[in-house]
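> File follows, target.tsv with TSV, C-alpha atoms:
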```tsv
chain	number	residue	atom	x	y	z
A	131	MET	CA	-3.26	-22.50	-9.30
A	132	LYS	CA	-1.36	-22.39	-12.58
A	133	ILE	CA	-1.11	-19.36	-14.83
A	134	LEU	CA	-2.63	-21.35	-17.68
A	135	ASP	CA	-5.79	-21.81	-15.59
A	136	ILE	CA	-6.35	-18.06	-15.94
A	137	ILE	CA	-5.05	-17.57	-19.47
A	138	LYS	CA	-6.88	-20.46	-21.17
A	139	PRO	CA	-10.46	-19.25	-20.51
A	140	ASN	CA	-9.40	-15.82	-21.82
A	141	GLU	CA	-7.70	-16.99	-24.99
A	142	ASP	CA	-10.21	-15.17	-27.20
A	143	PHE	CA	-9.46	-11.89	-25.43
A	144	LEU	CA	-5.69	-12.37	-25.53
A	145	GLY	CA	-5.57	-13.85	-29.02
A	146	SER	CA	-3.13	-16.51	-27.84
A	147	ILE	CA	-2.13	-18.54	-24.81
A	148	GLU	CA	1.49	-17.52	-25.45
A	149	THR	CA	1.71	-14.56	-23.11
A	150	ASN	CA	4.34	-12.49	-21.34
A	151	ASN	CA	3.64	-12.65	-17.62
A	152	TYR	CA	4.27	-10.12	-14.85
A	153	PHE	CA	3.71	-9.80	-11.11
A	154	CYS	CA	3.69	-6.91	-8.67
A	155	PRO	CA	3.17	-7.55	-4.96
A	156	GLY	CA	1.02	-5.70	-2.50
A	157	ARG	CA	2.56	-4.32	0.64
A	158	VAL	CA	1.91	-4.13	4.32
A	159	ASN	CA	3.32	-1.30	6.40
A	160	LEU	CA	4.78	-2.65	9.63
A	161	ILE	CA	4.70	0.78	11.26
A	162	GLY	CA	4.90	4.43	10.23
A	163	GLU	CA	1.36	5.32	9.15
A	164	HIS	CA	0.15	8.62	7.71
A	165	ILE	CA	3.62	10.15	7.79
A	166	ASP	CA	4.87	9.41	4.28
A	167	TYR	CA	3.46	12.72	3.07
A	168	HIS	CA	5.12	14.48	6.01
A	169	GLY	CA	8.61	13.38	5.03
A	170	GLY	CA	8.68	10.72	7.73
A	171	GLY	CA	10.28	7.31	7.80
A	172	VAL	CA	8.07	4.36	6.90
A	173	PHE	CA	8.71	0.66	7.27
A	174	PRO	CA	6.82	-1.48	4.74
A	175	THR	CA	7.46	-4.91	3.28
A	176	ALA	CA	6.08	-6.44	0.09
A	177	ILE	CA	3.95	-9.56	0.48
A	178	ASN	CA	3.32	-12.62	-1.67
A	179	LEU	CA	-0.19	-11.48	-2.57
A	180	GLY	CA	-0.43	-9.10	-5.49
A	181	THR	CA	-1.43	-8.37	-9.06
A	182	TYR	CA	-0.63	-10.29	-12.23
A	183	ALA	CA	-0.63	-9.18	-15.88
A	184	PHE	CA	-0.76	-11.54	-18.85
A	185	VAL	CA	0.10	-9.68	-22.03
A	186	THR	CA	-0.04	-10.14	-25.80
A	187	LYS	CA	0.93	-7.68	-28.52
A	188	ARG	CA	-1.53	-5.91	-30.81
A	189	VAL	CA	-0.79	-4.45	-34.25
A	190	ASP	CA	-3.07	-1.41	-33.84
A	191	ASN	CA	-3.05	1.56	-31.42
A	192	GLU	CA	-5.58	0.09	-29.02
A	193	PHE	CA	-5.03	-1.17	-25.50
A	194	HIS	CA	-7.56	-3.77	-24.43
A	195	PHE	CA	-7.93	-4.41	-20.69
A	196	LEU	CA	-9.79	-7.16	-18.89
A	197	SER	CA	-9.78	-7.99	-15.19
A	198	GLU	CA	-10.58	-11.46	-13.91
A	199	ASN	CA	-11.57	-9.80	-10.64
A	200	PHE	CA	-13.94	-7.25	-12.19
A	201	ARG	CA	-15.46	-9.14	-15.09
A	202	ALA	CA	-18.76	-7.33	-14.55
A	203	TYR	CA	-17.12	-4.22	-16.00
A	204	GLY	CA	-16.24	-6.19	-19.13
A	205	PRO	CA	-13.28	-5.48	-21.38
A	206	LYS	CA	-12.15	-1.87	-21.61
A	207	ILE	CA	-10.59	-0.31	-24.68
A	208	ALA	CA	-8.37	2.75	-24.85
A	209	ASN	CA	-6.73	4.28	-27.89
A	210	LEU	CA	-3.29	5.85	-27.78
A	211	ASN	CA	-4.97	9.04	-29.02
A	212	ASP	CA	-7.39	9.18	-26.06
A	213	LEU	CA	-6.12	8.17	-22.64
A	214	SER	CA	-8.26	10.61	-20.70
A	215	PHE	CA	-9.74	9.75	-17.31
A	216	LYS	CA	-13.29	8.44	-17.55
A	217	LYS	CA	-15.23	7.52	-14.44
A	218	GLU	CA	-17.00	4.70	-16.23
A	219	ASP	CA	-13.66	3.05	-16.97
A	220	ASN	CA	-13.30	2.28	-13.25
A	221	TRP	CA	-10.13	0.27	-12.45
A	222	SER	CA	-8.67	0.65	-15.95
A	223	ASN	CA	-8.07	4.36	-15.32
A	224	TYR	CA	-4.99	3.32	-13.34
A	225	VAL	CA	-3.69	1.53	-16.43
A	226	LYS	CA	-4.51	4.40	-18.78
A	227	GLY	CA	-2.90	6.88	-16.43
A	228	MET	CA	0.40	4.99	-16.49
A	229	ILE	CA	0.41	4.70	-20.29
A	230	LYS	CA	-0.43	8.39	-20.67
A	231	LYS	CA	2.36	9.48	-18.31
A	232	PHE	CA	4.95	7.28	-20.04
A	233	ILE	CA	4.06	8.87	-23.38
A	234	GLU	CA	4.17	12.38	-21.92
A	235	LEU	CA	7.69	11.66	-20.66
A	236	GLY	CA	8.78	10.79	-24.19
A	237	HIS	CA	8.80	7.00	-24.04
A	238	GLN	CA	8.05	5.39	-27.39
A	239	ILE	CA	4.83	3.39	-27.20
A	240	ASP	CA	3.86	2.71	-30.79
A	241	HIS	CA	1.32	-0.10	-30.66
A	242	GLY	CA	-1.32	-1.53	-28.39
A	243	LEU	CA	-1.44	-4.49	-26.03
A	244	ASN	CA	-3.99	-6.93	-24.70
A	245	ILE	CA	-3.61	-6.95	-20.91
A	246	LEU	CA	-5.41	-9.48	-18.73
A	247	ILE	CA	-5.27	-8.61	-15.02
A	248	TYR	CA	-5.67	-11.03	-12.14
A	249	GLY	CA	-5.18	-10.21	-8.48
A	250	ASN	CA	-5.27	-12.17	-5.23
A	251	LEU	CA	-4.86	-9.02	-3.17
A	252	PRO	CA	-8.10	-7.96	-1.47
A	253	ASN	CA	-9.28	-4.80	-3.20
A	254	GLY	CA	-9.77	-1.71	-1.06
A	255	ALA	CA	-8.19	-3.40	1.96
A	256	GLY	CA	-5.28	-1.03	2.47
A	257	LEU	CA	-2.68	-3.42	1.03
A	258	SER	CA	-1.89	-1.17	-1.93
A	259	SER	CA	-3.90	-2.82	-4.68
A	260	SER	CA	-3.86	0.43	-6.68
A	261	ALA	CA	-0.09	0.96	-6.31
A	262	SER	CA	0.43	-2.71	-7.20
A	263	LEU	CA	-1.55	-2.24	-10.42
A	264	GLU	CA	0.24	1.01	-11.31
A	265	VAL	CA	3.76	-0.32	-10.81
A	266	LEU	CA	2.78	-3.57	-12.54
A	267	ILE	CA	1.72	-1.63	-15.64
A	268	GLY	CA	4.92	0.41	-15.53
A	269	THR	CA	6.88	-2.85	-15.53
A	270	VAL	CA	4.80	-4.17	-18.43
A	271	LEU	CA	5.47	-1.03	-20.47
A	272	LYS	CA	9.21	-1.13	-19.71
A	273	GLU	CA	9.53	-4.74	-20.86
A	274	GLU	CA	7.09	-4.78	-23.77
A	275	PHE	CA	8.54	-1.66	-25.37
A	276	SER	CA	12.19	-2.18	-24.26
A	277	LEU	CA	12.22	1.17	-22.49
A	278	ASP	CA	15.29	2.57	-20.76
A	279	ILE	CA	13.78	3.28	-17.36
A	280	GLU	CA	14.73	2.27	-13.83
A	281	MET	CA	12.32	0.93	-11.24
A	282	ILE	CA	12.72	4.01	-9.05
A	283	ASP	CA	11.46	6.11	-11.96
A	284	ILE	CA	8.48	3.79	-12.48
A	285	VAL	CA	7.73	4.26	-8.77
A	286	LYS	CA	7.79	8.04	-9.12
A	287	ILE	CA	5.57	7.94	-12.20
A	288	ALA	CA	3.06	5.74	-10.39
A	289	LYS	CA	2.84	8.19	-7.50
A	290	ASP	CA	2.36	11.06	-9.94
A	291	VAL	CA	-0.47	9.16	-11.65
A	292	GLU	CA	-2.15	8.47	-8.31
A	293	ASN	CA	-1.89	12.14	-7.31
A	294	LYS	CA	-2.70	13.96	-10.53
A	295	TYR	CA	-4.63	11.51	-12.73
A	296	ILE	CA	-6.59	9.52	-10.14
A	297	GLY	CA	-6.79	12.39	-7.65
A	298	VAL	CA	-5.58	10.77	-4.43
A	299	ASN	CA	-3.10	12.93	-2.54
A	300	CYS	CA	-0.97	10.00	-1.29
A	301	GLY	CA	2.72	9.83	-0.49
A	302	ILE	CA	5.24	7.57	-2.22
A	303	MET	CA	5.41	4.69	0.27
A	304	ASP	CA	3.03	2.29	-1.46
A	305	GLN	CA	4.54	2.57	-4.92
A	306	PHE	CA	8.08	2.43	-3.51
A	307	ALA	CA	7.38	-0.67	-1.45
A	308	VAL	CA	5.80	-2.71	-4.24
A	309	GLY	CA	8.50	-1.70	-6.71
A	310	MET	CA	11.69	-1.81	-4.65
A	311	SER	CA	11.18	-4.55	-2.04
A	312	LYS	CA	13.29	-7.66	-1.63
A	313	GLU	CA	12.26	-11.02	-0.20
A	314	ASN	CA	12.91	-11.45	3.52
A	315	LYS	CA	13.48	-7.72	3.94
A	316	ALA	CA	11.56	-4.71	5.12
A	317	ILE	CA	12.34	-1.25	3.75
A	318	TYR	CA	13.07	1.69	6.00
A	319	LEU	CA	12.35	4.59	3.65
A	320	ASN	CA	12.95	8.28	4.25
A	321	THR	CA	10.04	9.58	2.22
A	322	ASN	CA	11.60	13.02	1.90
A	323	THR	CA	14.98	12.05	0.45
A	324	LEU	CA	14.01	8.54	-0.79
A	325	ASP	CA	17.09	7.23	0.97
A	326	TYR	CA	16.34	3.71	2.13
A	327	LYS	CA	17.85	0.65	3.71
A	328	LEU	CA	16.81	-2.97	3.58
A	329	VAL	CA	16.36	-4.42	7.05
A	330	PRO	CA	16.32	-8.20	7.57
A	331	LEU	CA	12.79	-9.34	8.40
A	332	GLU	CA	13.65	-12.48	10.33
A	333	LEU	CA	10.83	-13.08	12.79
A	334	GLY	CA	12.08	-16.30	14.35
A	335	GLU	CA	9.30	-17.67	16.55
A	336	TYR	CA	6.82	-15.02	15.38
A	337	SER	CA	4.47	-14.76	12.40
A	338	LEU	CA	2.79	-11.86	10.67
A	339	VAL	CA	-0.95	-12.16	10.21
A	340	ILE	CA	-2.91	-9.71	8.06
A	341	THR	CA	-6.59	-9.52	8.88
A	342	ASN	CA	-9.07	-7.83	6.59
A	343	THR	CA	-12.12	-6.20	8.17
A	344	ASN	CA	-13.93	-6.73	4.87
A	345	LYS	CA	-15.23	-3.22	5.27
A	346	LYS	CA	-14.79	-1.79	1.81
A	347	ARG	CA	-13.44	1.69	1.47
A	348	SER	CA	-12.14	3.74	-1.43
A	349	LEU	CA	-9.17	5.89	-0.52
A	350	SER	CA	-10.19	8.62	-2.98
A	351	GLU	CA	-13.59	8.83	-1.21
A	352	SER	CA	-12.26	8.61	2.35
A	353	LYS	CA	-11.20	11.38	4.68
A	354	TYR	CA	-7.59	10.95	3.59
A	355	ASN	CA	-7.46	14.30	1.82
A	356	GLU	CA	-9.21	15.91	4.79
A	357	ARG	CA	-6.38	14.78	7.07
A	358	ARG	CA	-3.89	16.29	4.66
A	359	GLU	CA	-5.74	19.60	4.78
A	360	GLU	CA	-5.86	19.56	8.58
A	361	CYS	CA	-2.13	18.98	8.74
A	362	ASP	CA	-1.57	21.83	6.30
A	363	LEU	CA	-3.44	24.11	8.71
A	364	GLY	CA	-1.12	22.97	11.50
A	365	ILE	CA	1.93	23.59	9.36
A	366	ASP	CA	0.73	27.11	8.52
A	367	MET	CA	0.15	27.82	12.19
A	368	LEU	CA	3.66	26.72	13.16
A	369	LYS	CA	5.26	28.74	10.39
A	370	LYS	CA	3.30	31.83	11.41
A	371	ASN	CA	4.86	31.39	14.84
A	372	LYS	CA	8.34	31.29	13.28
A	373	ILE	CA	8.90	27.57	13.89
A	374	GLU	CA	11.63	26.66	11.40
A	375	PHE	CA	11.17	23.40	9.47
A	376	ASP	CA	10.60	22.10	5.97
A	377	LEU	CA	8.45	19.04	6.72
A	378	VAL	CA	6.56	18.03	9.85
A	379	CYS	CA	8.77	14.99	10.41
A	380	ASP	CA	11.84	17.23	10.51
A	381	LEU	CA	10.57	18.05	14.00
A	382	ASN	CA	11.16	15.75	16.97
A	383	ILE	CA	9.30	15.03	20.20
A	384	ASP	CA	11.19	17.68	22.17
A	385	ASP	CA	10.32	20.22	19.48
A	386	PHE	CA	6.66	19.32	19.76
A	387	LYS	CA	6.65	19.69	23.53
A	388	SER	CA	8.14	23.16	23.17
A	389	PHE	CA	5.41	24.47	20.84
A	390	GLU	CA	2.29	22.38	21.55
A	391	HIS	CA	0.85	25.23	23.64
A	392	LEU	CA	0.65	27.31	20.46
A	393	PHE	CA	-2.17	25.22	19.01
A	394	GLU	CA	-5.58	26.72	19.63
A	395	ASN	CA	-7.35	23.86	17.89
A	396	ASN	CA	-6.91	20.52	19.67
A	397	THR	CA	-7.77	18.49	16.57
A	398	ILE	CA	-5.03	20.14	14.54
A	399	LYS	CA	-2.57	19.66	17.42
A	400	ASN	CA	-3.39	15.96	17.55
A	401	ARG	CA	-2.76	15.52	13.83
A	402	ILE	CA	0.69	17.07	14.09
A	403	LYS	CA	1.46	15.18	17.31
A	404	HIS	CA	0.66	11.86	15.67
A	405	ALA	CA	3.02	12.52	12.76
A	406	ILE	CA	5.97	13.51	14.96
A	407	PHE	CA	5.55	10.69	17.49
A	408	GLU	CA	4.84	8.08	14.80
A	409	ASN	CA	8.04	9.02	13.02
A	410	ASP	CA	9.94	8.49	16.27
A	411	ARG	CA	8.25	5.10	16.79
A	412	THR	CA	9.26	3.98	13.31
A	413	ILE	CA	12.92	4.79	13.86
A	414	LYS	CA	12.81	2.81	17.11
A	415	ALA	CA	11.00	-0.08	15.42
A	416	VAL	CA	13.80	-0.50	12.88
A	417	ASP	CA	16.32	-0.77	15.71
A	418	CYS	CA	14.07	-3.31	17.44
A	419	LEU	CA	13.94	-5.59	14.42
A	420	ILE	CA	17.69	-5.38	13.94
A	421	ALA	CA	18.14	-6.26	17.62
A	422	ARG	CA	15.37	-8.91	17.37
A	423	ASP	CA	13.54	-7.27	20.26
A	424	PHE	CA	10.06	-8.38	19.23
A	425	ILE	CA	8.42	-7.48	22.54
A	426	GLU	CA	9.31	-3.81	22.17
A	427	PHE	CA	8.52	-3.95	18.45
A	428	GLY	CA	5.03	-5.16	19.39
A	429	ASN	CA	4.69	-2.39	21.95
A	430	LEU	CA	5.49	0.17	19.27
A	431	MET	CA	2.88	-1.37	16.97
A	432	ASN	CA	0.31	-1.05	19.75
A	433	GLN	CA	1.24	2.58	20.41
A	434	SER	CA	0.96	3.28	16.69
A	435	HIS	CA	-2.60	2.00	16.51
A	436	ASP	CA	-3.65	3.89	19.62
A	437	SER	CA	-2.31	7.10	18.09
A	438	LEU	CA	-4.01	6.46	14.75
A	439	ARG	CA	-7.26	5.81	16.61
A	440	ASP	CA	-7.15	8.67	19.11
A	441	LEU	CA	-5.02	11.42	17.57
A	442	TYR	CA	-5.30	10.97	13.81
A	443	GLU	CA	-8.79	9.44	13.96
A	444	VAL	CA	-8.45	7.18	10.95
A	445	SER	CA	-9.45	3.92	12.61
A	446	CYS	CA	-13.01	2.57	12.81
A	447	ASN	CA	-15.03	0.17	14.92
A	448	GLU	CA	-14.12	-2.86	12.79
A	449	LEU	CA	-10.39	-2.19	13.03
A	450	ASP	CA	-10.58	-1.52	16.76
A	451	VAL	CA	-12.52	-4.75	17.38
A	452	LEU	CA	-9.79	-6.74	15.60
A	453	VAL	CA	-6.96	-4.98	17.43
A	454	ASP	CA	-8.60	-5.38	20.83
A	455	SER	CA	-9.31	-9.04	20.17
A	456	TYR	CA	-5.79	-9.81	19.00
A	457	ARG	CA	-4.29	-8.12	22.04
A	458	SER	CA	-6.64	-9.87	24.46
A	459	HIS	CA	-5.75	-13.26	22.99
A	460	GLY	CA	-1.99	-12.89	23.22
A	461	ALA	CA	-0.75	-11.05	20.14
A	462	THR	CA	2.54	-9.29	20.82
A	463	GLY	CA	1.52	-6.36	18.63
A	464	SER	CA	-1.56	-5.33	16.65
A	465	ARG	CA	-2.35	-2.22	14.66
A	466	MET	CA	-4.30	-0.97	11.69
A	467	THR	CA	-2.25	-0.71	8.52
A	468	GLY	CA	-2.88	1.48	5.51
A	469	ALA	CA	-5.03	4.57	5.26
A	470	GLY	CA	-7.66	3.36	7.70
A	471	PHE	CA	-11.45	3.78	7.75
A	472	GLY	CA	-11.58	0.04	7.09
A	473	GLY	CA	-9.05	-2.25	5.49
A	474	CYS	CA	-6.66	-4.40	7.47
A	475	THR	CA	-4.72	-4.92	10.64
A	476	ILE	CA	-1.17	-6.25	10.83
A	477	ASN	CA	-0.54	-8.50	13.80
A	478	LEU	CA	2.61	-9.98	15.35
A	479	VAL	CA	1.78	-13.34	16.93
A	480	LYS	CA	3.91	-16.18	18.23
A	481	THR	CA	3.82	-18.94	15.63
A	482	ASN	CA	3.03	-21.67	18.16
A	483	ILE	CA	-0.29	-20.00	19.07
A	484	VAL	CA	-1.15	-18.31	15.77
A	485	GLU	CA	-3.90	-20.73	14.68
A	486	GLU	CA	-5.50	-20.63	18.11
A	487	VAL	CA	-5.42	-16.83	18.17
A	488	ILE	CA	-6.91	-16.57	14.69
A	489	GLU	CA	-9.84	-18.81	15.67
A	490	LYS	CA	-10.57	-16.71	18.77
A	491	VAL	CA	-10.33	-13.42	16.87
A	492	LYS	CA	-12.55	-14.82	14.13
A	493	LYS	CA	-15.29	-15.63	16.66
A	494	ASP	CA	-14.98	-12.28	18.46
A	495	TYR	CA	-15.20	-10.32	15.24
A	496	LEU	CA	-18.22	-12.15	13.87
A	497	LYS	CA	-20.04	-11.80	17.21
A	498	VAL	CA	-19.43	-8.04	17.52
A	499	VAL	CA	-19.42	-6.87	13.89
A	500	GLY	CA	-21.80	-9.37	12.32
A	501	HIS	CA	-19.74	-10.48	9.34
A	502	ASP	CA	-16.54	-12.46	8.84
A	503	ALA	CA	-13.01	-11.10	8.70
A	504	SER	CA	-10.42	-12.65	6.38
A	505	PHE	CA	-7.05	-13.87	7.62
A	506	TYR	CA	-3.76	-14.10	5.72
A	507	LEU	CA	-0.51	-15.61	6.96
A	508	VAL	CA	1.85	-13.85	4.58
A	509	ASN	CA	5.42	-14.16	3.35
A	510	THR	CA	7.63	-11.41	1.98
A	511	SER	CA	8.24	-10.87	-1.73
A	512	ASP	CA	10.52	-9.25	-4.25
A	513	GLY	CA	9.11	-6.20	-5.99
A	514	ALA	CA	7.51	-5.92	-9.46
A	515	ARG	CA	9.05	-8.26	-11.99
A	516	VAL	CA	8.71	-10.53	-15.02
A	517	LEU	CA	7.37	-13.94	-14.04
A	518	LYS	CA	9.38	-16.92	-15.15
A	519	GLY	CA	7.42	-19.85	-13.68
A	520	ASP	CA	3.99	-21.21	-14.50
A	521	GLU	CA	2.46	-20.96	-11.02
A	522	ILE	CA	0.47	-18.24	-9.30
A	523	LEU	CA	2.61	-17.34	-6.27
```
Render the structure in this file as structure tokens.

Amino acid sequence: MKILDIIKPNEDFLGSIETNNYFCPGRVNLIGEHIDYHGGGVFPTAINLGTYAFVTKRVDNEFHFLSENFRAYGPKIANLNDLSFKKEDNWSNYVKGMIKKFIELGHQIDHGLNILIYGNLPNGAGLSSSASLEVLIGTVLKEEFSLDIEMIDIVKIAKDVENKYIGVNCGIMDQFAVGMSKENKAIYLNTNTLDYKLVPLELGEYSLVITNTNKKRSLSESKYNERREECDLGIDMLKKNKIEFDLVCDLNIDDFKSFEHLFENNTIKNRIKHAIFENDRTIKAVDCLIARDFIEFGNLMNQSHDSLRDLYEVSCNELDVLVDSYRSHGATGSRMTGAGFGGCTINLVKTNIVEEVIEKVKKDYLKVVGHDASFYLVNTSDGARVLKGDEIL
């Protein structure tokens, strides 16, 4: 598909087919789930599915937004004098939140824009569609208004908007991954210090397959914040017992074994256990990829899912059906990715059997769940950027 195929039918909205074009990828987390807000290490990579913005300048103070994916909501209009959150504005609140935060930080935004959004990232699937939109808009604002701001600062602003404007108490992984990634690399990110390293993602005879349960979920309406609260209870308990640490992932497996008897509530213990053991798995997974030990990498993926299912309890029947099916048909590793309660799995499969495995999983899923899953063989991507070509990636 060419960019003009999207712009041309929306010429009246944009006022021109001469647009400035931008792209921000989605991301998939290879391993390291539900530990970014515990200061743990995460291991995401950006993918070649994402969100596009096609932009023209306005001479007034209005921002006009239109999404090709949510045309039923129609165009949305926001004035620079009123960028408040409004439930009825739906997806465009993410856009307004970014503009509002840029202005609050002193960036000069002195006129409006027409912004047409198009995405080929499944919405609500746990592939960071919201972070992709936020960092995309930050990139648009930087370029359209010639702002002196680095990508890492756009990433931090996007997280702040998600936390305080949208109301989702997420960590920084999603925004960091879609902003800072490089093609053919995964990012090992210390979410406490924001120190990171790019790790070659060279899978050789393996492929990554993302599979969407097509069970819609909204992170702000999920039990995400409940898990955060449960972990806070565990942290308070440890500190009352004079366990010295700043963040849960400062603790290691030996530490956990020394104090696990202190937990009176088994649920709270399991939440903390998941975070500490998942952090350890992620560190090992980085070493596995560097050493090209894909068998052990797959084992770590499997352990991660089992922990997310049994200890953190953020999986669901649809995710478990996919994971079980992939494993039974020869996948080297399979796990849920993202916040859970629906969304996607990430699966490591030998390339020479990948089509066969997908067909078997497709049949299993439809038989057990009753509706189709969606399958994506993905490539890696650079982070948010200005688009130079005329093709949708």
> When you count all atoms listed in the file, which of these residues is closest to Tyr248 (chain A): A:Val378, A:Leu179, A:Leu319, A:Met303?
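Between A:Val378, A:Leu179, A:Leu319, A:Met303, the residue approaching Tyr248 (chain A) most closely is A:Leu179.
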> Given the choices A:Gly180, A:Gly470, A:Gly519, A:Pro174, which gets closest to Lys315 (chain A) if the distance is worked out from all atoms listed in the file?
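Among the listed residues, A:Pro174 lies closest to Lys315 (chain A).
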> Place a sphere of radius 12 Å on (-9.5, -18.4, 17.3) in the file coordinates and name every protein, DNA or RNA residue with an atom inside or on its surface, counting only C-alpha atoms; give the answer as a list in words.
Leu452, Ser455, Tyr456, Ser458, His459, Gly460, Ala461, Ile483, Val484, Glu485, Glu486, Val487, Ile488, Glu489, Lys490, Val491, Lys492, Lys493, Asp494, Tyr495, Leu496, Ala503 and Phe505 of chain A
> Just checking: using only C-alpha atoms, which residue out of A:Tyr295, A:Tyr167, A:Tyr224, A:Tyr182 ends up closest to Ile136 (chain A)?
A:Tyr182
> Choose the residue, out of A:Met131, A:Ala405, A:Ala208, A:Val298, that has the smallest atom-to-atom separation from Cys379 (chain A); count all atoms listed in the file.
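Distance minimum relative to Cys379 (chain A) lands on A:Ala405.
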> Write out N, CA and C atoms for region 240-260 of chain A, as an mmCIF file, keeping the file's coordinate frame.

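Written output follows (rebuild.cif):
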```
data_model
loop_
_atom_site.group_PDB
_atom_site.id
_atom_site.type_symbol
_atom_site.label_atom_id
_atom_site.label_comp_id
_atom_site.auth_asym_id
_atom_site.auth_seq_id
_atom_site.Cartn_x
_atom_site.Cartn_y
_atom_site.Cartn_z
ATOM 1 N N ASP A 240 4.320 2.557 -29.407
ATOM 2 C CA ASP A 240 3.860 2.710 -30.790
ATOM 3 C C ASP A 240 2.860 1.656 -31.237
ATOM 4 N N HIS A 241 2.380 0.855 -30.320
ATOM 5 C CA HIS A 241 1.320 -0.100 -30.660
ATOM 6 C C HIS A 241 0.588 -0.474 -29.382
ATOM 7 N N GLY A 242 -0.509 -1.170 -29.544
ATOM 8 C CA GLY A 242 -1.320 -1.530 -28.390
ATOM 9 C C GLY A 242 -0.959 -2.874 -27.802
ATOM 10 N N LEU A 243 -1.624 -3.217 -26.714
ATOM 11 C CA LEU A 243 -1.440 -4.490 -26.030
ATOM 12 C C LEU A 243 -2.790 -5.012 -25.553
ATOM 13 N N ASN A 244 -2.912 -6.314 -25.455
ATOM 14 C CA ASN A 244 -3.990 -6.930 -24.700
ATOM 15 C C ASN A 244 -3.441 -7.239 -23.317
ATOM 16 N N ILE A 245 -4.105 -6.762 -22.282
ATOM 17 C CA ILE A 245 -3.610 -6.950 -20.910
ATOM 18 C C ILE A 245 -4.726 -7.567 -20.065
ATOM 19 N N LEU A 246 -4.500 -8.802 -19.639
ATOM 20 C CA LEU A 246 -5.410 -9.480 -18.730
ATOM 21 C C LEU A 246 -4.853 -9.345 -17.314
ATOM 22 N N ILE A 247 -5.677 -8.844 -16.408
ATOM 23 C CA ILE A 247 -5.270 -8.610 -15.020
ATOM 24 C C ILE A 247 -5.927 -9.641 -14.112
ATOM 25 N N TYR A 248 -5.135 -10.167 -13.199
ATOM 26 C CA TYR A 248 -5.670 -11.030 -12.140
ATOM 27 C C TYR A 248 -5.001 -10.641 -10.832
ATOM 28 N N GLY A 249 -5.771 -10.550 -9.763
ATOM 29 C CA GLY A 249 -5.180 -10.210 -8.480
ATOM 30 C C GLY A 249 -5.702 -11.105 -7.372
ATOM 31 N N ASN A 250 -4.834 -11.454 -6.428
ATOM 32 C CA ASN A 250 -5.270 -12.170 -5.230
ATOM 33 C C ASN A 250 -5.087 -11.308 -3.994
ATOM 34 N N LEU A 251 -4.976 -10.005 -4.239
ATOM 35 C CA LEU A 251 -4.860 -9.020 -3.170
ATOM 36 C C LEU A 251 -6.260 -8.458 -2.926
ATOM 37 N N PRO A 252 -6.754 -8.495 -1.696
ATOM 38 C CA PRO A 252 -8.100 -7.960 -1.470
ATOM 39 C C PRO A 252 -8.200 -6.493 -1.843
ATOM 40 N N ASN A 253 -9.142 -6.168 -2.707
ATOM 41 C CA ASN A 253 -9.280 -4.800 -3.200
ATOM 42 C C ASN A 253 -9.842 -3.893 -2.118
ATOM 43 N N GLY A 254 -9.275 -2.683 -2.021
ATOM 44 C CA GLY A 254 -9.770 -1.710 -1.060
ATOM 45 C C GLY A 254 -9.486 -2.064 0.374
ATOM 46 N N ALA A 255 -8.468 -2.934 0.608
ATOM 47 C CA ALA A 255 -8.190 -3.400 1.960
ATOM 48 C C ALA A 255 -6.997 -2.694 2.595
ATOM 49 N N GLY A 256 -6.415 -1.737 1.911
ATOM 50 C CA GLY A 256 -5.280 -1.030 2.470
ATOM 51 C C GLY A 256 -3.962 -1.753 2.277
ATOM 52 N N LEU A 257 -3.909 -2.682 1.322
ATOM 53 C CA LEU A 257 -2.680 -3.420 1.030
ATOM 54 C C LEU A 257 -2.076 -2.983 -0.296
ATOM 55 N N SER A 258 -2.479 -1.819 -0.752
ATOM 56 C CA SER A 258 -1.890 -1.170 -1.930
ATOM 57 C C SER A 258 -2.239 -1.855 -3.244
ATOM 58 N N SER A 259 -3.497 -2.220 -3.411
ATOM 59 C CA SER A 259 -3.900 -2.820 -4.680
ATOM 60 C C SER A 259 -3.750 -1.829 -5.824
ATOM 61 N N SER A 260 -3.997 -0.542 -5.591
ATOM 62 C CA SER A 260 -3.860 0.430 -6.680
ATOM 63 C C SER A 260 -2.388 0.652 -7.036
#
```
